[in-house]
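Listing of final.pdb; format and content: PDB, C-alpha atoms.
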ATOM      1  CA  ALA A 199       0.000   0.000   0.000  1.00  0.00           C
ATOM      2  CA  GLN A 200       1.079   3.509  -0.660  1.00  0.00           C
ATOM      3  CA  LYS A 201       1.642   5.977   2.109  1.00  0.00           C
ATOM      4  CA  VAL A 202       2.732   9.594   2.333  1.00  0.00           C
ATOM      5  CA  THR A 203       3.929  11.104   5.591  1.00  0.00           C
ATOM      6  CA  GLN A 204       4.190  14.802   6.282  1.00  0.00           C
ATOM      7  CA  ALA A 205       5.423  14.913   9.836  1.00  0.00           C
ATOM      8  CA  GLN A 206       5.171  18.689  10.194  1.00  0.00           C
ATOM      9  CA  THR A 207       1.589  19.598  11.016  1.00  0.00           C
ATOM     10  CA  GLU A 208       2.184  23.318  11.241  1.00  0.00           C
ATOM     11  CA  ILE A 209       5.131  25.618  10.619  1.00  0.00           C
ATOM     12  CA  SER A 210       5.308  29.308  11.426  1.00  0.00           C
ATOM     13  CA  VAL A 211       8.020  31.519   9.973  1.00  0.00           C
ATOM     14  CA  VAL A 212       8.706  35.195   9.645  1.00  0.00           C
ATOM     15  CA  GLU A 213       8.640  36.697   6.184  1.00  0.00           C
ATOM     16  CA  LYS A 214      11.868  36.304   4.214  1.00  0.00           C
ATOM     17  CA  GLU A 215      12.890  33.205   6.094  1.00  0.00           C
ATOM     18  CA  ASP A 216      13.535  30.009   4.165  1.00  0.00           C
ATOM     19  CA  VAL A 217      11.356  27.048   5.044  1.00  0.00           C
ATOM     20  CA  THR A 218      11.484  23.367   4.132  1.00  0.00           C
ATOM     21  CA  LEU A 219       8.458  21.118   4.130  1.00  0.00           C
ATOM     22  CA  ASP A 220       9.225  17.436   4.544  1.00  0.00           C
ATOM     23  CA  CYS A 221       7.621  14.542   2.705  1.00  0.00           C
ATOM     24  CA  VAL A 222       8.411  10.866   3.088  1.00  0.00           C
ATOM     25  CA  TYR A 223       6.663   8.235   1.018  1.00  0.00           C
ATOM     26  CA  GLU A 224       6.235   4.479   0.866  1.00  0.00           C
ATOM     27  CA  THR A 225       5.451   2.431  -2.201  1.00  0.00           C
ATOM     28  CA  ARG A 226       6.246  -0.986  -3.633  1.00  0.00           C
ATOM     29  CA  ASP A 227       6.086   0.296  -7.180  1.00  0.00           C
ATOM     30  CA  THR A 228       9.253   0.996  -9.107  1.00  0.00           C
ATOM     31  CA  THR A 229       7.433   3.533 -11.248  1.00  0.00           C
ATOM     32  CA  TYR A 230       5.515   6.242  -9.493  1.00  0.00           C
ATOM     33  CA  TYR A 231       4.911   9.973  -9.423  1.00  0.00           C
ATOM     34  CA  LEU A 232       5.288  12.498  -6.647  1.00  0.00           C
ATOM     35  CA  PHE A 233       3.458  15.787  -6.359  1.00  0.00           C
ATOM     36  CA  TRP A 234       3.188  18.903  -4.299  1.00  0.00           C
ATOM     37  CA  TYR A 235      -0.030  20.892  -4.110  1.00  0.00           C
ATOM     38  CA  LYS A 236      -0.831  24.168  -2.384  1.00  0.00           C
ATOM     39  CA  GLN A 237      -4.255  24.708  -0.824  1.00  0.00           C
ATOM     40  CA  PRO A 238      -4.947  28.327   0.135  1.00  0.00           C
ATOM     41  CA  PRO A 239      -7.887  29.209   2.424  1.00  0.00           C
ATOM     42  CA  SER A 240     -10.223  29.248  -0.586  1.00  0.00           C
ATOM     43  CA  GLY A 241      -9.809  25.478  -0.760  1.00  0.00           C
ATOM     44  CA  GLU A 242      -8.854  25.090  -4.388  1.00  0.00           C
ATOM     45  CA  LEU A 243      -5.834  22.874  -4.948  1.00  0.00           C
ATOM     46  CA  VAL A 244      -2.986  24.493  -6.817  1.00  0.00           C
ATOM     47  CA  PHE A 245      -0.619  22.133  -8.608  1.00  0.00           C
ATOM     48  CA  LEU A 246       3.033  22.933  -7.943  1.00  0.00           C
ATOM     49  CA  ILE A 247       5.109  20.074  -9.298  1.00  0.00           C
ATOM     50  CA  ARG A 248       5.092  16.500 -10.542  1.00  0.00           C
ATOM     51  CA  ARG A 249       8.190  14.335 -10.516  1.00  0.00           C
ATOM     52  CA  ASN A 250       8.508  10.771 -11.777  1.00  0.00           C
ATOM     53  CA  SER A 251      10.515   8.124  -9.976  1.00  0.00           C
ATOM     54  CA  PHE A 252      13.172   7.941 -12.662  1.00  0.00           C
ATOM     55  CA  ASP A 253      14.089  11.590 -12.428  1.00  0.00           C
ATOM     56  CA  GLU A 254      16.026  12.424  -9.291  1.00  0.00           C
ATOM     57  CA  GLN A 255      17.196  15.784 -10.477  1.00  0.00           C
ATOM     58  CA  ASN A 256      16.361  18.583  -8.123  1.00  0.00           C
ATOM     59  CA  GLU A 257      14.194  21.317  -9.502  1.00  0.00           C
ATOM     60  CA  ILE A 258      14.018  25.027  -8.920  1.00  0.00           C
ATOM     61  CA  SER A 259      11.191  27.281  -9.935  1.00  0.00           C
ATOM     62  CA  GLY A 260      11.581  30.824  -8.714  1.00  0.00           C
ATOM     63  CA  ARG A 261      11.533  30.766  -4.928  1.00  0.00           C
ATOM     64  CA  TYR A 262      10.487  27.122  -4.888  1.00  0.00           C
ATOM     65  CA  SER A 263      12.824  24.151  -4.993  1.00  0.00           C
ATOM     66  CA  TRP A 264      12.352  20.449  -4.571  1.00  0.00           C
ATOM     67  CA  ASN A 265      14.796  17.797  -3.397  1.00  0.00           C
ATOM     68  CA  PHE A 266      13.996  14.211  -4.437  1.00  0.00           C
ATOM     69  CA  GLN A 267      16.056  11.570  -2.659  1.00  0.00           C
ATOM     70  CA  LYS A 268      15.058   8.083  -3.712  1.00  0.00           C
ATOM     71  CA  SER A 269      17.487   6.512  -1.242  1.00  0.00           C
ATOM     72  CA  THR A 270      15.557   7.994   1.668  1.00  0.00           C
ATOM     73  CA  SER A 271      12.145   8.024  -0.053  1.00  0.00           C
ATOM     74  CA  SER A 272      11.833  11.737   0.480  1.00  0.00           C
ATOM     75  CA  PHE A 273      10.596  14.591  -1.655  1.00  0.00           C
ATOM     76  CA  ASN A 274      11.138  17.791   0.296  1.00  0.00           C
ATOM     77  CA  PHE A 275       9.970  21.231  -0.708  1.00  0.00           C
ATOM     78  CA  THR A 276      11.799  24.447   0.124  1.00  0.00           C
ATOM     79  CA  ILE A 277      10.456  27.974  -0.142  1.00  0.00           C
ATOM     80  CA  THR A 278      13.180  30.587  -0.190  1.00  0.00           C
ATOM     81  CA  ALA A 279      12.531  34.070   1.160  1.00  0.00           C
ATOM     82  CA  SER A 280       8.999  33.207   2.208  1.00  0.00           C
ATOM     83  CA  GLN A 281       6.182  35.703   1.767  1.00  0.00           C
ATOM     84  CA  VAL A 282       2.838  36.144   3.481  1.00  0.00           C
ATOM     85  CA  VAL A 283       1.108  34.939   0.300  1.00  0.00           C
ATOM     86  CA  ASP A 284       2.823  31.591   0.767  1.00  0.00           C
ATOM     87  CA  SER A 285       0.606  30.936   3.783  1.00  0.00           C
ATOM     88  CA  ALA A 286      -1.434  27.850   2.935  1.00  0.00           C
ATOM     89  CA  VAL A 287      -1.655  24.123   3.503  1.00  0.00           C
ATOM     90  CA  TYR A 288       0.793  22.179   1.394  1.00  0.00           C
ATOM     91  CA  PHE A 289       0.145  18.582   0.427  1.00  0.00           C
ATOM     92  CA  CYS A 290       2.590  16.008  -0.848  1.00  0.00           C
ATOM     93  CA  ALA A 291       1.025  13.205  -2.889  1.00  0.00           C
ATOM     94  CA  LEU A 292       1.987   9.951  -4.560  1.00  0.00           C
ATOM     95  CA  SER A 293       0.536   8.185  -7.582  1.00  0.00           C
ATOM     96  CA  GLU A 294       1.179   4.934  -9.368  1.00  0.00           C
ATOM     97  CA  ALA A 295       1.728   4.872 -13.090  1.00  0.00           C
ATOM     98  CA  ALA A 296      -1.430   4.302 -15.093  1.00  0.00           C
ATOM     99  CA  LEU A 297      -0.450   0.944 -16.507  1.00  0.00           C
ATOM    100  CA  THR A 298       0.001  -0.599 -13.081  1.00  0.00           C
ATOM    101  CA  GLY A 299      -3.749  -0.573 -12.808  1.00  0.00           C
ATOM    102  CA  GLY A 300      -4.115   2.066 -10.175  1.00  0.00           C
ATOM    103  CA  GLY A 301      -5.481   4.491 -12.673  1.00  0.00           C
ATOM    104  CA  ASN A 302      -3.341   7.275 -11.303  1.00  0.00           C
ATOM    105  CA  LYS A 303      -5.099   7.401  -7.939  1.00  0.00           C
ATOM    106  CA  LEU A 304      -3.482   9.962  -5.704  1.00  0.00           C
ATOM    107  CA  THR A 305      -2.529   9.255  -2.124  1.00  0.00           C
ATOM    108  CA  PHE A 306      -2.173  12.473  -0.177  1.00  0.00           C
ATOM    109  CA  GLY A 307      -0.159  13.221   2.916  1.00  0.00           C
ATOM    110  CA  THR A 308      -1.836  14.891   5.871  1.00  0.00           C
ATOM    111  CA  GLY A 309      -0.601  18.299   4.830  1.00  0.00           C
ATOM    112  CA  THR A 310       1.552  20.977   6.447  1.00  0.00           C
ATOM    113  CA  GLN A 311      -0.007  24.287   7.429  1.00  0.00           C
ATOM    114  CA  LEU A 312       2.498  27.037   6.664  1.00  0.00           C
ATOM    115  CA  LYS A 313       1.987  30.422   8.303  1.00  0.00           C
ATOM    116  CA  VAL A 314       4.192  33.255   7.154  1.00  0.00           C
ATOM    117  CA  GLU A 315       4.004  36.320   9.367  1.00  0.00           C
ATOM    118  CA  LEU A 316       5.294  39.834   8.930  1.00  0.00           C
TER     119      LEU A 316
ATOM    120  CA  GLY B 224      -4.660  24.517 -19.298  1.00  0.00           C
ATOM    121  CA  ALA B 225      -7.501  22.112 -18.664  1.00  0.00           C
ATOM    122  CA  VAL B 226     -10.339  23.419 -16.516  1.00  0.00           C
ATOM    123  CA  VAL B 227     -12.601  21.491 -14.187  1.00  0.00           C
ATOM    124  CA  SER B 228     -15.635  23.109 -12.631  1.00  0.00           C
ATOM    125  CA  GLN B 229     -17.818  22.086  -9.723  1.00  0.00           C
ATOM    126  CA  HIS B 230     -21.315  23.169  -8.931  1.00  0.00           C
ATOM    127  CA  PRO B 231     -22.443  24.291  -6.479  1.00  0.00           C
ATOM    128  CA  SER B 232     -19.434  25.790  -4.733  1.00  0.00           C
ATOM    129  CA  ARG B 233     -21.283  25.863  -1.446  1.00  0.00           C
ATOM    130  CA  VAL B 234     -24.477  24.228  -0.255  1.00  0.00           C
ATOM    131  CA  ILE B 235     -26.334  24.205   3.022  1.00  0.00           C
ATOM    132  CA  CYS B 236     -29.116  21.685   3.469  1.00  0.00           C
ATOM    133  CA  LYS B 237     -31.295  20.163   6.129  1.00  0.00           C
ATOM    134  CA  SER B 238     -30.630  16.748   7.549  1.00  0.00           C
ATOM    135  CA  GLY B 239     -32.342  14.031   5.543  1.00  0.00           C
ATOM    136  CA  THR B 240     -32.249  15.753   2.191  1.00  0.00           C
ATOM    137  CA  SER B 241     -30.187  14.685  -0.813  1.00  0.00           C
ATOM    138  CA  VAL B 242     -27.602  16.891  -2.426  1.00  0.00           C
ATOM    139  CA  LYS B 243     -26.159  16.581  -5.922  1.00  0.00           C
ATOM    140  CA  ILE B 244     -22.722  17.920  -6.795  1.00  0.00           C
ATOM    141  CA  GLU B 245     -21.628  18.243 -10.403  1.00  0.00           C
ATOM    142  CA  CYS B 246     -18.111  17.969 -11.737  1.00  0.00           C
ATOM    143  CA  ARG B 247     -17.453  19.064 -15.308  1.00  0.00           C
ATOM    144  CA  SER B 248     -14.375  19.019 -17.485  1.00  0.00           C
ATOM    145  CA  LEU B 249     -14.827  22.157 -19.550  1.00  0.00           C
ATOM    146  CA  ASP B 250     -12.321  21.811 -22.340  1.00  0.00           C
ATOM    147  CA  PHE B 251     -11.395  18.159 -22.481  1.00  0.00           C
ATOM    148  CA  GLN B 252     -12.993  14.736 -22.290  1.00  0.00           C
ATOM    149  CA  ALA B 253     -12.404  12.765 -19.130  1.00  0.00           C
ATOM    150  CA  THR B 254     -13.055   9.049 -19.110  1.00  0.00           C
ATOM    151  CA  THR B 255     -12.113   8.959 -15.449  1.00  0.00           C
ATOM    152  CA  MET B 256     -13.005  11.320 -12.654  1.00  0.00           C
ATOM    153  CA  PHE B 257     -12.158  11.037  -8.993  1.00  0.00           C
ATOM    154  CA  TRP B 258     -14.114  12.183  -5.959  1.00  0.00           C
ATOM    155  CA  TYR B 259     -12.310  13.226  -2.784  1.00  0.00           C
ATOM    156  CA  ARG B 260     -13.549  14.288   0.605  1.00  0.00           C
ATOM    157  CA  GLN B 261     -11.727  16.588   2.989  1.00  0.00           C
ATOM    158  CA  PHE B 262     -12.740  17.183   6.592  1.00  0.00           C
ATOM    159  CA  PRO B 263     -11.550  20.412   8.266  1.00  0.00           C
ATOM    160  CA  LYS B 264      -7.812  20.480   8.815  1.00  0.00           C
ATOM    161  CA  GLN B 265      -7.438  17.008   7.354  1.00  0.00           C
ATOM    162  CA  SER B 266      -6.138  15.479   4.189  1.00  0.00           C
ATOM    163  CA  LEU B 267      -7.971  14.623   1.014  1.00  0.00           C
ATOM    164  CA  MET B 268      -9.319  11.102   1.051  1.00  0.00           C
ATOM    165  CA  LEU B 269     -10.282   9.383  -2.165  1.00  0.00           C
ATOM    166  CA  MET B 270     -13.904   8.274  -2.060  1.00  0.00           C
ATOM    167  CA  ALA B 271     -14.376   6.721  -5.479  1.00  0.00           C
ATOM    168  CA  THR B 272     -13.182   6.487  -9.029  1.00  0.00           C
ATOM    169  CA  SER B 273     -15.802   7.301 -11.621  1.00  0.00           C
ATOM    170  CA  ASN B 274     -15.497   5.823 -15.092  1.00  0.00           C
ATOM    171  CA  GLU B 275     -17.667   7.017 -17.949  1.00  0.00           C
ATOM    172  CA  GLY B 276     -20.338   4.511 -18.853  1.00  0.00           C
ATOM    173  CA  SER B 277     -19.644   2.091 -16.025  1.00  0.00           C
ATOM    174  CA  LYS B 278     -20.122   1.744 -12.310  1.00  0.00           C
ATOM    175  CA  ALA B 279     -17.927   3.701  -9.988  1.00  0.00           C
ATOM    176  CA  THR B 280     -15.261   1.981  -7.926  1.00  0.00           C
ATOM    177  CA  TYR B 281     -15.555   2.895  -4.276  1.00  0.00           C
ATOM    178  CA  GLU B 282     -12.758   2.946  -1.750  1.00  0.00           C
ATOM    179  CA  GLN B 283     -13.000   0.769   1.298  1.00  0.00           C
ATOM    180  CA  GLY B 284     -15.300   2.185   3.924  1.00  0.00           C
ATOM    181  CA  VAL B 285     -17.253   4.441   1.558  1.00  0.00           C
ATOM    182  CA  GLU B 286     -20.945   3.594   1.390  1.00  0.00           C
ATOM    183  CA  LYS B 287     -21.952   3.293  -2.248  1.00  0.00           C
ATOM    184  CA  ASP B 288     -25.647   3.606  -1.439  1.00  0.00           C
ATOM    185  CA  LYS B 289     -24.969   6.781   0.462  1.00  0.00           C
ATOM    186  CA  PHE B 290     -22.732   8.434  -2.113  1.00  0.00           C
ATOM    187  CA  LEU B 291     -24.186   7.817  -5.545  1.00  0.00           C
ATOM    188  CA  ILE B 292     -21.885   8.539  -8.455  1.00  0.00           C
ATOM    189  CA  ASN B 293     -22.971   8.862 -12.041  1.00  0.00           C
ATOM    190  CA  HIS B 294     -20.607   9.484 -14.928  1.00  0.00           C
ATOM    191  CA  ALA B 295     -23.030   9.698 -17.802  1.00  0.00           C
ATOM    192  CA  SER B 296     -20.866  11.598 -20.242  1.00  0.00           C
ATOM    193  CA  LEU B 297     -17.214  12.271 -20.937  1.00  0.00           C
ATOM    194  CA  THR B 298     -17.464  15.708 -19.403  1.00  0.00           C
ATOM    195  CA  LEU B 299     -19.771  15.252 -16.436  1.00  0.00           C
ATOM    196  CA  SER B 300     -19.735  13.236 -13.240  1.00  0.00           C
ATOM    197  CA  THR B 301     -22.175  13.748 -10.392  1.00  0.00           C
ATOM    198  CA  LEU B 302     -21.968  12.847  -6.740  1.00  0.00           C
ATOM    199  CA  THR B 303     -25.249  12.622  -4.849  1.00  0.00           C
ATOM    200  CA  VAL B 304     -25.133  12.541  -1.088  1.00  0.00           C
ATOM    201  CA  THR B 305     -28.360  10.795  -0.162  1.00  0.00           C
ATOM    202  CA  SER B 306     -30.174  11.463   3.103  1.00  0.00           C
ATOM    203  CA  ALA B 307     -27.409  13.766   4.235  1.00  0.00           C
ATOM    204  CA  HIS B 308     -26.589  14.079   7.922  1.00  0.00           C
ATOM    205  CA  PRO B 309     -24.392  16.543   9.807  1.00  0.00           C
ATOM    206  CA  GLU B 310     -21.479  14.098   9.750  1.00  0.00           C
ATOM    207  CA  ASP B 311     -21.509  14.312   5.943  1.00  0.00           C
ATOM    208  CA  SER B 312     -20.585  17.987   6.184  1.00  0.00           C
ATOM    209  CA  SER B 313     -17.272  18.256   4.408  1.00  0.00           C
ATOM    210  CA  PHE B 314     -15.384  19.716   1.467  1.00  0.00           C
ATOM    211  CA  TYR B 315     -15.873  17.566  -1.627  1.00  0.00           C
ATOM    212  CA  ILE B 316     -13.361  17.868  -4.442  1.00  0.00           C
ATOM    213  CA  CYS B 317     -13.430  16.204  -7.812  1.00  0.00           C
ATOM    214  CA  SER B 318     -10.644  15.702 -10.300  1.00  0.00           C
ATOM    215  CA  ALA B 319     -10.733  14.719 -13.933  1.00  0.00           C
ATOM    216  CA  ARG B 320      -8.086  12.681 -15.612  1.00  0.00           C
ATOM    217  CA  GLY B 321      -7.074  14.309 -18.842  1.00  0.00           C
ATOM    218  CA  PRO B 322      -6.186  12.705 -22.151  1.00  0.00           C
ATOM    219  CA  TYR B 323      -2.641  13.974 -22.020  1.00  0.00           C
ATOM    220  CA  SER B 324      -0.034  11.433 -21.096  1.00  0.00           C
ATOM    221  CA  SER B 325       3.690  11.428 -20.762  1.00  0.00           C
ATOM    222  CA  GLY B 326       6.352   8.955 -19.876  1.00  0.00           C
ATOM    223  CA  GLY B 327       5.901   6.298 -22.538  1.00  0.00           C
ATOM    224  CA  LEU B 328       5.045   2.886 -21.105  1.00  0.00           C
ATOM    225  CA  SER B 329       4.848   4.283 -17.621  1.00  0.00           C
ATOM    226  CA  SER B 330       2.465   6.982 -18.604  1.00  0.00           C
ATOM    227  CA  TYR B 331       0.793   9.405 -16.340  1.00  0.00           C
ATOM    228  CA  ASN B 332      -2.437  11.086 -17.303  1.00  0.00           C
ATOM    229  CA  GLU B 333      -2.621  14.469 -15.675  1.00  0.00           C
ATOM    230  CA  GLN B 334      -5.360  15.030 -13.089  1.00  0.00           C
ATOM    231  CA  PHE B 335      -7.053  18.375 -12.951  1.00  0.00           C
ATOM    232  CA  PHE B 336      -8.885  19.401  -9.811  1.00  0.00           C
ATOM    233  CA  GLY B 337     -12.138  21.250  -9.436  1.00  0.00           C
ATOM    234  CA  PRO B 338     -12.470  24.132  -6.992  1.00  0.00           C
ATOM    235  CA  GLY B 339     -14.402  22.041  -4.471  1.00  0.00           C
ATOM    236  CA  THR B 340     -17.881  22.086  -2.946  1.00  0.00           C
ATOM    237  CA  ARG B 341     -18.419  22.890   0.690  1.00  0.00           C
ATOM    238  CA  LEU B 342     -21.378  20.961   2.057  1.00  0.00           C
ATOM    239  CA  THR B 343     -22.953  21.893   5.371  1.00  0.00           C
ATOM    240  CA  VAL B 344     -25.745  19.724   6.687  1.00  0.00           C
ATOM    241  CA  LEU B 345     -27.804  21.271   9.469  1.00  0.00           C
TER     242      LEU B 345
END
Is it possible to express this structure as structure tokens?
Amino acid sequence: AQKVTQAQTEISVVEKEDVTLDCVYETRDTTYYLFWYKQPPSGELVFLIRRNSFDEQNEISGRYSWNFQKSTSSFNFTITASQVVDSAVYFCALSEAALTGGGNKLTFGTGTQLKVEL
Amino acid sequence: GAVVSQHPSRVICKSGTSVKIECRSLDFQATTMFWYRQFPKQSLMLMATSNEGSKATYEQGVEKDKFLINHASLTLSTLTVTSAHPEDSSFYICSARGPYSSGGLSSYNEQFFGPGTRLTVL
């Protein structure tokens, strides 16, 4: 069975601080996909990134960066120079590949509430 | 990008009534749609997978007679909460699996999420 663990329930930082959100996953599949989503107070999920299990390259997009470590089954997310608008719940998620029969079902972590204060 | 809508965005109803939530893929055809439920300050839990023209596949612990899913067309899936009770109050989110795939044999079809429906049962 697949499992995603986000051990940090809530993180509070002061604006301009860097913050890392942890994500650890479990799966028996050799092919899988990892995601990060942002959920602001409005509730709508905002897609941030998808990474497949064969691509361990780290990625940077503006102030966001992701560190995928297959050896430790982790896919951590760092926000550099955080801003108040970054305040939201962030979810890490895991999906099997379509052809394994799972139909791309997503398994979500419990989420990390990030509060960025002035 | 692909757009998924949900209607209504918010609904308040009395205990015992049934509520229908619609999920539409606006600019693509979706053979598969997913329904998730999110309680306050909790994660999204998959309720069921809806396949066009066939019966939905429910996750363990989800009552199929309570949460009726119909996927009558390639752009519309509906979730009906029958005889709703206060414990059914939750945020319901749908997603539609798009036709776009990547990754060759290990393909992934992108999922696009709707904005969610907040149900409050009094």
Point to revise | Residues in the PyMOL selection byres ((chain B and resi 250) around 9), expressed as a ChimeraX atom specification | key: /B:224-227,248-249,251-252,298
Preceding selection exported with C-alpha atoms as a PDB file, keeping the file's coordinate frame:
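Written output follows (again38.pdb):
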ATOM      1  CA  GLY B 224      -4.660  24.517 -19.298  1.00  0.00           C
ATOM      2  CA  ALA B 225      -7.501  22.112 -18.664  1.00  0.00           C
ATOM      3  CA  VAL B 226     -10.339  23.419 -16.516  1.00  0.00           C
ATOM      4  CA  VAL B 227     -12.601  21.491 -14.187  1.00  0.00           C
ATOM      5  CA  SER B 248     -14.375  19.019 -17.485  1.00  0.00           C
ATOM      6  CA  LEU B 249     -14.827  22.157 -19.550  1.00  0.00           C
ATOM      7  CA  PHE B 251     -11.395  18.159 -22.481  1.00  0.00           C
ATOM      8  CA  GLN B 252     -12.993  14.736 -22.290  1.00  0.00           C
ATOM      9  CA  THR B 298     -17.464  15.708 -19.403  1.00  0.00           C
TER      10      THR B 298
END
Practice item. On this file, the ChimeraX specification (/B :<12) & /A gives some set of residues; write that set as an MDAnalysis selection string. Key: chainID A and resid 202:204 207:208 227:233 235:245 247:253 286:311
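Minimum distance to Tyr223 (chain A) across A:Ser269, A:Gln200, A:Glu257, A:Val211 (counting only C-alpha atoms) occurs at A:Gln200.
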Exercise for review: Starting from the displayed file, determine the output of the PyMOL selection byres ((chain B and resi 233-242) around 6) and express the residue list as a list in words.
Suggested key: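 Output from the PyMOL selection byres ((chain B and resi 233-242) around 6), applied to this file: Pro231, Ser232, Lys243, Thr303, Val304, Thr305, Ser306, Ala307, His308, Thr340, Arg341, Leu342, Thr343, Val344 and Leu345 of chain B.
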Output C-alpha atoms of each residue in that selection to a file, as an mmCIF file, keeping the file's coordinate frame.
data_model
loop_
_atom_site.group_PDB
_atom_site.id
_atom_site.type_symbol
_atom_site.label_atom_id
_atom_site.label_comp_id
_atom_site.auth_asym_id
_atom_site.auth_seq_id
_atom_site.Cartn_x
_atom_site.Cartn_y
_atom_site.Cartn_z
ATOM 1 C CA PRO B 231 -22.443 24.291 -6.479
ATOM 2 C CA SER B 232 -19.434 25.790 -4.733
ATOM 3 C CA LYS B 243 -26.159 16.581 -5.922
ATOM 4 C CA THR B 303 -25.249 12.622 -4.849
ATOM 5 C CA VAL B 304 -25.133 12.541 -1.088
ATOM 6 C CA THR B 305 -28.360 10.795 -0.162
ATOM 7 C CA SER B 306 -30.174 11.463 3.103
ATOM 8 C CA ALA B 307 -27.409 13.766 4.235
ATOM 9 C CA HIS B 308 -26.589 14.079 7.922
ATOM 10 C CA THR B 340 -17.881 22.086 -2.946
ATOM 11 C CA ARG B 341 -18.419 22.890 0.690
ATOM 12 C CA LEU B 342 -21.378 20.961 2.057
ATOM 13 C CA THR B 343 -22.953 21.893 5.371
ATOM 14 C CA VAL B 344 -25.745 19.724 6.687
ATOM 15 C CA LEU B 345 -27.804 21.271 9.469
#
Check your understanding: CA of Arg226 (chain A) to CA of Ala253 (chain B): how many Å, to one decimal?
Key -> 27.9 Å
